[in-house]
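Asks: The structure's right below; bear with me while I get my questions together.
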Number of protein chains: 2
Amino acid sequence: MTNETDLVLERTLDAPIDLVWMAYTDPEHLKQWFAPKPYQITECQLDLTPGGIFRIRMVGPDGFDTGHGTPGCVLEVEDQRKLTWTSALGPGYRPNEMGEGCESFPFTAIVTFEDAGNGKTAYRAVAIHKDIADKEAHEKMGFHDGWGTVASQLEEHARSLAVRA
Amino acid sequence: MTNETDLVLERTLDAPIDLVWMAYTDPEHLKQWFAPKPYQITECQLDLTPGGIFRIRMVGPDGFDTGHGTPGCVLEVEDQRKLTWTSALGPGYRPNEMGEGCESFPFTAIVTFEDAGNGKTAYRAVAIHKDIADKEAHEKMGFHDGWGTVASQLEEHARSLAVRA
C-alpha cells in the first residue's frame, strides 16, 4: 500500500504490545517519549476516537516552541493494532490551514502494532504525503532520525511501565 | 457544532429514510441525482467504508467536464444515519493536491438523515471549511442553489425507488 510518496519506519520493540499501545495512546505517557530528547512535549491532547483531536506542543533548546500547534485529527483506532491520524484535518474533520515547519505540508500517519512473540512488538509507522516534494521535505526535516529516535524512547518508556506494574 | 466557516442545507424530504439512504450511497443511484440538471454524473465511485474512495465525474453544457476528478475519502458511515467524506484526503487517507474550481479548496461534508415520520426524512448536509474565505468561495460557486437543487432531485429519485419496489 505504500508508494514513492511514503516514508516508512519499521522496528521491533522489546516491549509487550499492551504496554506499547498504552505508551502510544495515553497522552500522559505519549508526552514522555514522543519528542526526540532534548526536545520535549509539554502539552498533549489525544482523543482516541475517529474525528477526535491529536495535538502536541513541542519545546526545545534555544527557545524552540511549536506553540499550541495545529490540532490534527484521529481517523482510525483499532485497539492494540492500529492508529491513524492526519494533519490535513483538525478535530471534527475540519480541513486545516497549513502552518510552518513540520506543519507546512499535510501528511497522514498510519501506525500499526503486532505481537512479535517473546514480549516484543512489531511497530510500523508510515507517513503518507500528497506528492514526492512533501515526502522529501519531511525526509529533510529528519523523519528517519526523528521517528527512529522516538521509537527507541517509546520502547524504553513502554518497558518502564512493565517494571512499574 | 457548526460555525461561521460552515455551510448548511436542511430539508425534509418526502421519501422514507431507507430509500433516501440507498439513493445516496449506491453509486448507480447517486449518479441519477447528484449533479444539478442539466449537469450529469457520468462516473461515480463510492466505497462505503472509512478510508474508501468517493469520486465523481461531472459533465455539462458547453463541454463542462471535471475529468476523472480528484478522489475524496469517506470518513464515517453510519447506516441510514450519517455519511462523512472529505476532499482534503483521497482514498487510504492520503492528503490531496488541491485542483481547480470546486476542487480548489478542501472541505468536509457531514450528511445526516433522520426519520421524520410519515415516510419523510430529515436531511442535513454541512460543508465545513478551513476558513471563511473558503466558505465564501464555496457559497459563490452556488452552494445553496446547487445543494438545494440536488436535494430535490434526491427526493424525487428516492420516491421513484418506492414506486419500483
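Note on naming: chains are A, B, ... as they come in the C-alpha cells, residues start from 1 per chain, ligands start from 1 in the order shown.
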Taking the DSSP assignment computed from this structure's backbone, write out as a VMD selection string all residues of segment 4-146 of chain B that belong to strand (DSSP E or B).
Replies: chain B and resid 6 to 13 40 to 46 53 to 59 65 72 to 78 82 to 86 89 95 107 to 117 120 to 129
Asks: Should the cut-off be 7 Å, what would the residue list for chain B against chain A look like, counting only C-alpha atoms, as a PDB file with N, CA, C and O atoms, in the first residue's frame?
Replies:
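As written to disk, result-v4.pdb reads:
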ATOM      1  N   ALA B  88     -10.208  16.839   1.364  1.00  0.00           N
ATOM      2  CA  ALA B  88      -8.835  17.123   1.818  1.00  0.00           C
ATOM      3  C   ALA B  88      -7.954  15.889   1.714  1.00  0.00           C
ATOM      4  O   ALA B  88      -6.731  15.990   1.637  1.00  0.00           O
ATOM      5  N   TYR B  93      -6.714   7.745   2.969  1.00  0.00           N
ATOM      6  CA  TYR B  93      -6.393   8.913   3.799  1.00  0.00           C
ATOM      7  C   TYR B  93      -5.195   9.716   3.295  1.00  0.00           C
ATOM      8  O   TYR B  93      -4.649  10.543   4.024  1.00  0.00           O
ATOM      9  N   ARG B  94      -4.764   9.499   2.055  1.00  0.00           N
ATOM     10  CA  ARG B  94      -3.640  10.278   1.526  1.00  0.00           C
ATOM     11  C   ARG B  94      -4.067  11.729   1.308  1.00  0.00           C
ATOM     12  O   ARG B  94      -5.107  11.991   0.696  1.00  0.00           O
ATOM     13  N   PRO B  95      -3.293  12.706   1.798  1.00  0.00           N
ATOM     14  CA  PRO B  95      -3.638  14.118   1.567  1.00  0.00           C
ATOM     15  C   PRO B  95      -3.740  14.408   0.069  1.00  0.00           C
ATOM     16  O   PRO B  95      -2.967  13.872  -0.728  1.00  0.00           O
ATOM     17  N   ASN B  96      -4.710  15.223  -0.294  1.00  0.00           N
ATOM     18  CA  ASN B  96      -4.941  15.558  -1.698  1.00  0.00           C
ATOM     19  C   ASN B  96      -4.223  16.830  -2.118  1.00  0.00           C
ATOM     20  O   ASN B  96      -4.129  17.787  -1.342  1.00  0.00           O
ATOM     21  N   GLU B  97      -3.770  16.812  -3.355  1.00  0.00           N
ATOM     22  CA  GLU B  97      -3.367  18.036  -4.054  1.00  0.00           C
ATOM     23  C   GLU B  97      -4.657  18.754  -4.431  1.00  0.00           C
ATOM     24  O   GLU B  97      -5.550  18.148  -5.010  1.00  0.00           O
ATOM     25  N   PRO B 106     -10.160  22.577   0.179  1.00  0.00           N
ATOM     26  CA  PRO B 106     -10.661  21.351   0.791  1.00  0.00           C
ATOM     27  C   PRO B 106     -11.915  21.617   1.623  1.00  0.00           C
ATOM     28  O   PRO B 106     -12.046  22.675   2.233  1.00  0.00           O
ATOM     29  N   PHE B 107     -12.833  20.682   1.609  1.00  0.00           N
ATOM     30  CA  PHE B 107     -13.952  20.758   2.553  1.00  0.00           C
ATOM     31  C   PHE B 107     -14.362  19.354   2.969  1.00  0.00           C
ATOM     32  O   PHE B 107     -14.044  18.374   2.289  1.00  0.00           O
ATOM     33  N   THR B 108     -15.025  19.304   4.096  1.00  0.00           N
ATOM     34  CA  THR B 108     -15.563  18.040   4.590  1.00  0.00           C
ATOM     35  C   THR B 108     -17.079  18.163   4.614  1.00  0.00           C
ATOM     36  O   THR B 108     -17.608  19.189   5.049  1.00  0.00           O
ATOM     37  N   ILE B 128     -17.941  21.854   5.861  1.00  0.00           N
ATOM     38  CA  ILE B 128     -17.057  22.597   6.753  1.00  0.00           C
ATOM     39  C   ILE B 128     -15.733  22.895   6.049  1.00  0.00           C
ATOM     40  O   ILE B 128     -15.195  22.071   5.319  1.00  0.00           O
ATOM     41  N   HIS B 129     -15.260  24.110   6.283  1.00  0.00           N
ATOM     42  CA  HIS B 129     -14.093  24.639   5.563  1.00  0.00           C
ATOM     43  C   HIS B 129     -13.026  25.060   6.559  1.00  0.00           C
ATOM     44  O   HIS B 129     -13.297  25.206   7.742  1.00  0.00           O
ATOM     45  N   LYS B 130     -11.843  25.327   6.045  1.00  0.00           N
ATOM     46  CA  LYS B 130     -10.764  25.701   6.960  1.00  0.00           C
ATOM     47  C   LYS B 130     -10.862  27.157   7.387  1.00  0.00           C
ATOM     48  O   LYS B 130     -10.377  27.535   8.454  1.00  0.00           O
TER      49      LYS B 130
END
Asks: One decimal, in Å: what's the spacing between atom CA of Ile56 of chain B and atom CA of Leu13 of chain B?
Replies: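 Distance between the two atoms: 23.4 Å.
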Asks: List the neighbours of Ile53 of chain A out to 7 Å using only C-alpha atoms; skip same-chain residues closer than 2 positions along the sequence, and give me the result as a list in words.
Replies: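 Non-adjacent residues within range: Gln45, Leu46, Asp47, Gly51, Arg55, Pro71, Gly72, Cys73, Val74, Gly90 and Pro91 of chain A.
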Asks: With all heavy atoms kept, could you save the residues just selected as a short mmCIF file (atom, residue, chain, number, x, y, z; two decimals), in the first residue's frame?
Replies:
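Output contents, as saved in again.cif:
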data_model
loop_
_atom_site.label_atom_id
_atom_site.label_comp_id
_atom_site.auth_asym_id
_atom_site.auth_seq_id
_atom_site.Cartn_x
_atom_site.Cartn_y
_atom_site.Cartn_z
N GLN A 45 -2.95 16.50 23.62
CA GLN A 45 -4.36 16.11 23.63
C GLN A 45 -4.52 15.00 22.61
O GLN A 45 -4.12 15.15 21.46
CB GLN A 45 -5.25 17.27 23.19
CG GLN A 45 -5.44 18.37 24.21
CD GLN A 45 -6.31 19.48 23.62
OE1 GLN A 45 -5.78 20.31 22.88
NE2 GLN A 45 -7.58 19.48 23.91
N LEU A 46 -5.10 13.90 23.04
CA LEU A 46 -5.35 12.79 22.13
C LEU A 46 -6.69 12.18 22.50
O LEU A 46 -6.83 11.58 23.57
CB LEU A 46 -4.22 11.75 22.22
CG LEU A 46 -4.40 10.47 21.41
CD1 LEU A 46 -4.67 10.74 19.94
CD2 LEU A 46 -3.17 9.57 21.55
N ASP A 47 -7.65 12.40 21.64
CA ASP A 47 -8.99 11.83 21.85
C ASP A 47 -9.10 10.63 20.93
O ASP A 47 -9.22 10.78 19.71
CB ASP A 47 -10.03 12.90 21.53
CG ASP A 47 -11.44 12.37 21.71
OD1 ASP A 47 -11.60 11.24 22.20
OD2 ASP A 47 -12.39 13.09 21.32
N GLY A 51 -12.34 11.33 14.34
CA GLY A 51 -12.79 12.72 14.43
C GLY A 51 -12.22 13.43 15.64
O GLY A 51 -12.36 14.65 15.77
N ARG A 55 -3.20 16.71 19.29
CA ARG A 55 -2.43 17.95 19.31
C ARG A 55 -1.28 17.82 20.30
O ARG A 55 -1.46 17.31 21.40
CB ARG A 55 -3.33 19.12 19.75
CG ARG A 55 -2.62 20.47 19.75
CD ARG A 55 -3.53 21.57 20.28
NE ARG A 55 -3.74 21.44 21.73
CZ ARG A 55 -2.87 21.87 22.66
NH1 ARG A 55 -1.74 22.45 22.31
NH2 ARG A 55 -3.14 21.72 23.94
N PRO A 71 -4.03 21.49 15.63
CA PRO A 71 -4.53 20.17 16.02
C PRO A 71 -4.77 19.29 14.79
O PRO A 71 -5.32 19.76 13.79
CB PRO A 71 -5.86 20.47 16.71
CG PRO A 71 -5.90 21.94 16.92
CD PRO A 71 -5.01 22.55 15.89
N GLY A 72 -4.33 18.05 14.87
CA GLY A 72 -4.65 17.07 13.85
C GLY A 72 -5.89 16.27 14.23
O GLY A 72 -6.53 16.56 15.25
N CYS A 73 -6.21 15.29 13.43
CA CYS A 73 -7.45 14.54 13.59
C CYS A 73 -7.19 13.04 13.57
O CYS A 73 -6.51 12.53 12.69
CB CYS A 73 -8.39 14.90 12.44
SG CYS A 73 -10.03 14.17 12.55
N VAL A 74 -7.73 12.34 14.56
CA VAL A 74 -7.67 10.88 14.60
C VAL A 74 -8.65 10.32 13.57
O VAL A 74 -9.77 10.81 13.43
CB VAL A 74 -8.04 10.37 16.01
CG1 VAL A 74 -8.18 8.84 16.03
CG2 VAL A 74 -7.00 10.83 17.04
N GLY A 90 -8.41 18.82 11.15
CA GLY A 90 -8.43 19.04 12.59
C GLY A 90 -9.57 18.25 13.21
O GLY A 90 -10.22 17.45 12.53
N PRO A 91 -9.82 18.46 14.50
CA PRO A 91 -10.90 17.75 15.16
C PRO A 91 -12.23 17.99 14.45
O PRO A 91 -12.47 19.08 13.92
CB PRO A 91 -10.91 18.32 16.58
CG PRO A 91 -9.97 19.47 16.58
CD PRO A 91 -9.07 19.34 15.41
#
Asks: From the options A:Ile41, A:Ala35, A:Ile17, A:Ala133, which residue's atoms come nearest to Arg81 of chain A, counting only C-alpha atoms?
Replies: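 With only C-alpha atoms as the atom set, the closest residue is A:Ile17.
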Asks: Set the distance at 10 Å and use only C-alpha atoms: which residues neighbour Arg159 of chain A once local chain neighbours fewer than 3 positions away are removed? I'd like the list as a ChimeraX atom specification.
Replies: /A:13-16,19-20,23,153-156,162-164
Asks: Pull N, CA, C and O atoms from the residues just selected and write them as a PDB file, in the first residue's frame.
Replies:
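So the final result, stored in result_27.pdb, reads:
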ATOM      1  N   LEU A  13      10.154  -3.665  18.715  1.00  0.00           N
ATOM      2  CA  LEU A  13      10.381  -3.074  20.029  1.00  0.00           C
ATOM      3  C   LEU A  13      10.416  -4.177  21.083  1.00  0.00           C
ATOM      4  O   LEU A  13       9.567  -5.083  21.066  1.00  0.00           O
ATOM      5  N   ASP A  14      11.363  -4.078  21.998  1.00  0.00           N
ATOM      6  CA  ASP A  14      11.486  -5.075  23.054  1.00  0.00           C
ATOM      7  C   ASP A  14      10.592  -4.685  24.225  1.00  0.00           C
ATOM      8  O   ASP A  14      11.059  -4.345  25.317  1.00  0.00           O
ATOM      9  N   ALA A  15       9.298  -4.730  23.949  1.00  0.00           N
ATOM     10  CA  ALA A  15       8.286  -4.408  24.967  1.00  0.00           C
ATOM     11  C   ALA A  15       6.967  -5.014  24.499  1.00  0.00           C
ATOM     12  O   ALA A  15       6.722  -5.092  23.286  1.00  0.00           O
ATOM     13  N   PRO A  16       6.136  -5.459  25.436  1.00  0.00           N
ATOM     14  CA  PRO A  16       4.897  -6.135  25.041  1.00  0.00           C
ATOM     15  C   PRO A  16       3.864  -5.164  24.456  1.00  0.00           C
ATOM     16  O   PRO A  16       3.834  -3.982  24.806  1.00  0.00           O
ATOM     17  N   LEU A  19       1.631  -2.702  26.539  1.00  0.00           N
ATOM     18  CA  LEU A  19       2.318  -1.543  27.123  1.00  0.00           C
ATOM     19  C   LEU A  19       2.731  -0.543  26.044  1.00  0.00           C
ATOM     20  O   LEU A  19       2.692   0.671  26.257  1.00  0.00           O
ATOM     21  N   VAL A  20       3.106  -1.052  24.879  1.00  0.00           N
ATOM     22  CA  VAL A  20       3.442  -0.155  23.764  1.00  0.00           C
ATOM     23  C   VAL A  20       2.201   0.649  23.379  1.00  0.00           C
ATOM     24  O   VAL A  20       2.250   1.868  23.192  1.00  0.00           O
ATOM     25  N   ALA A  23       1.534   3.241  26.025  1.00  0.00           N
ATOM     26  CA  ALA A  23       2.507   4.336  25.919  1.00  0.00           C
ATOM     27  C   ALA A  23       2.192   5.239  24.730  1.00  0.00           C
ATOM     28  O   ALA A  23       2.431   6.446  24.764  1.00  0.00           O
ATOM     29  N   GLN A 153      12.780   5.671  22.278  1.00  0.00           N
ATOM     30  CA  GLN A 153      12.226   6.244  23.513  1.00  0.00           C
ATOM     31  C   GLN A 153      10.891   5.585  23.870  1.00  0.00           C
ATOM     32  O   GLN A 153      10.589   5.367  25.046  1.00  0.00           O
ATOM     33  N   LEU A 154      10.096   5.272  22.845  1.00  0.00           N
ATOM     34  CA  LEU A 154       8.831   4.567  23.063  1.00  0.00           C
ATOM     35  C   LEU A 154       9.092   3.197  23.697  1.00  0.00           C
ATOM     36  O   LEU A 154       8.440   2.804  24.678  1.00  0.00           O
ATOM     37  N   GLU A 155      10.067   2.488  23.150  1.00  0.00           N
ATOM     38  CA  GLU A 155      10.422   1.165  23.674  1.00  0.00           C
ATOM     39  C   GLU A 155      10.824   1.272  25.150  1.00  0.00           C
ATOM     40  O   GLU A 155      10.319   0.537  26.002  1.00  0.00           O
ATOM     41  N   GLU A 156      11.677   2.219  25.404  1.00  0.00           N
ATOM     42  CA  GLU A 156      12.180   2.411  26.772  1.00  0.00           C
ATOM     43  C   GLU A 156      11.037   2.765  27.728  1.00  0.00           C
ATOM     44  O   GLU A 156      10.917   2.221  28.827  1.00  0.00           O
ATOM     45  N   ALA A 162       6.267  -1.781  32.491  1.00  0.00           N
ATOM     46  CA  ALA A 162       6.247  -3.168  32.972  1.00  0.00           C
ATOM     47  C   ALA A 162       6.885  -3.242  34.352  1.00  0.00           C
ATOM     48  O   ALA A 162       6.389  -3.920  35.244  1.00  0.00           O
ATOM     49  N   VAL A 163       7.968  -2.524  34.513  1.00  0.00           N
ATOM     50  CA  VAL A 163       8.668  -2.524  35.796  1.00  0.00           C
ATOM     51  C   VAL A 163       7.766  -1.962  36.887  1.00  0.00           C
ATOM     52  O   VAL A 163       7.675  -2.496  37.983  1.00  0.00           O
ATOM     53  N   ARG A 164       7.046  -0.877  36.501  1.00  0.00           N
ATOM     54  CA  ARG A 164       6.159  -0.247  37.489  1.00  0.00           C
ATOM     55  C   ARG A 164       4.964  -1.122  37.826  1.00  0.00           C
ATOM     56  O   ARG A 164       4.425  -1.033  38.908  1.00  0.00           O
TER      57      ARG A 164
END
Asks: Select, from B:Met58, B:Cys44, B:Ala125, B:Leu83, the residue with the minimum atom-to-atom distance to Thr12 of chain B, counting only C-alpha atoms.
Replies: B:Ala125
Asks: Just checking: using only C-alpha atoms, which residue out of A:Val59, A:Leu161, A:Ile132, A:Leu7 ends up closest to Pro36 of chain A?
Replies: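 Result for the nearest residue to Pro36 of chain A: A:Val59.
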Asks: Using only C-alpha atoms, which of the listed residues (B:Thr25, B:Ser160, B:Asn118, B:Ser104) sits closest to Phe54 of chain B?
Replies: B:Thr25
Asks: Record the distance separating atom CA of Leu9 of chain B and atom CA of Thr49 of chain B, expressed in Å with one decimal.
Replies: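 Those two atoms sit 23.9 Å apart.
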Asks: Between atom CA of Gly117 of chain B and atom CA of Asp79 of chain B, measure the distance and give it in Å to one decimal.
Replies: 17.8 Å
Asks: Do a neighbour search on segment 63-67 of chain A at 10 Å with only C-alpha atoms, toss out local chain neighbours closer than 3 positions, and write the hits as a JSON list (two decimals) with N, CA, C and O atoms, in the first residue's frame.
Replies:
[["chain", "number", "residue", "atom", "x", "y", "z"],
["A", 39, "TYR", "N", 14.36, 17.75, 23.05],
["A", 39, "TYR", "CA", 13.03, 18.33, 22.83],
["A", 39, "TYR", "C", 12.06, 17.62, 23.76],
["A", 39, "TYR", "O", 12.26, 16.47, 24.15],
["A", 40, "GLN", "N", 11.01, 18.32, 24.14],
["A", 40, "GLN", "CA", 10.01, 17.65, 24.95],
["A", 40, "GLN", "C", 8.60, 18.12, 24.61],
["A", 40, "GLN", "O", 8.41, 19.19, 24.05],
["A", 41, "ILE", "N", 7.65, 17.26, 24.95],
["A", 41, "ILE", "CA", 6.24, 17.57, 24.73],
["A", 41, "ILE", "C", 5.70, 18.15, 26.03],
["A", 41, "ILE", "O", 5.75, 17.48, 27.07],
["A", 42, "THR", "N", 5.21, 19.38, 25.96],
["A", 42, "THR", "CA", 4.69, 19.99, 27.19],
["A", 42, "THR", "C", 3.17, 19.94, 27.26],
["A", 42, "THR", "O", 2.59, 20.13, 28.31],
["A", 43, "GLU", "N", 2.53, 19.73, 26.11],
["A", 43, "GLU", "CA", 1.07, 19.61, 26.09],
["A", 43, "GLU", "C", 0.72, 18.51, 25.10],
["A", 43, "GLU", "O", 1.33, 18.42, 24.03],
["A", 56, "ILE", "N", -0.12, 18.29, 19.89],
["A", 56, "ILE", "CA", 1.02, 18.33, 20.82],
["A", 56, "ILE", "C", 1.66, 19.71, 20.76],
["A", 56, "ILE", "O", 1.55, 20.44, 19.78],
["A", 57, "ARG", "N", 2.29, 20.06, 21.86],
["A", 57, "ARG", "CA", 3.16, 21.24, 21.87],
["A", 57, "ARG", "C", 4.56, 20.75, 22.17],
["A", 57, "ARG", "O", 4.78, 20.07, 23.19],
["A", 58, "MET", "N", 5.50, 21.09, 21.29],
["A", 58, "MET", "CA", 6.86, 20.64, 21.47],
["A", 58, "MET", "C", 7.74, 21.84, 21.76],
["A", 58, "MET", "O", 7.64, 22.87, 21.07],
["A", 59, "VAL", "N", 8.59, 21.73, 22.78],
["A", 59, "VAL", "CA", 9.54, 22.80, 23.07],
["A", 59, "VAL", "C", 10.94, 22.20, 23.11],
["A", 59, "VAL", "O", 11.10, 20.99, 23.30],
["A", 60, "GLY", "N", 11.94, 23.06, 22.90],
["A", 60, "GLY", "CA", 13.31, 22.54, 22.85],
["A", 60, "GLY", "C", 14.33, 23.63, 23.11],
["A", 60, "GLY", "O", 13.97, 24.75, 23.49],
["A", 70, "THR", "N", -1.09, 23.20, 15.45],
["A", 70, "THR", "CA", -2.32, 22.96, 14.71],
["A", 70, "THR", "C", -2.83, 21.58, 15.10],
["A", 70, "THR", "O", -2.11, 20.60, 14.93],
["A", 100, "GLU", "N", 3.74, 26.31, 9.54],
["A", 100, "GLU", "CA", 5.16, 26.39, 9.23],
["A", 100, "GLU", "C", 5.89, 25.11, 9.66],
["A", 100, "GLU", "O", 5.36, 24.33, 10.44],
["A", 101, "GLY", "N", 7.10, 24.95, 9.15],
["A", 101, "GLY", "CA", 7.94, 23.82, 9.57],
["A", 101, "GLY", "C", 7.24, 22.50, 9.29],
["A", 101, "GLY", "O", 6.74, 22.26, 8.19],
["A", 102, "CYS", "N", 7.17, 21.66, 10.33],
["A", 102, "CYS", "CA", 6.52, 20.35, 10.22],
["A", 102, "CYS", "C", 5.06, 20.48, 9.84],
["A", 102, "CYS", "O", 4.41, 19.49, 9.51],
["A", 103, "GLU", "N", 4.51, 21.66, 10.00],
["A", 103, "GLU", "CA", 3.09, 21.84, 9.71],
["A", 103, "GLU", "C", 2.87, 22.50, 8.35],
["A", 103, "GLU", "O", 1.77, 22.95, 8.06]]
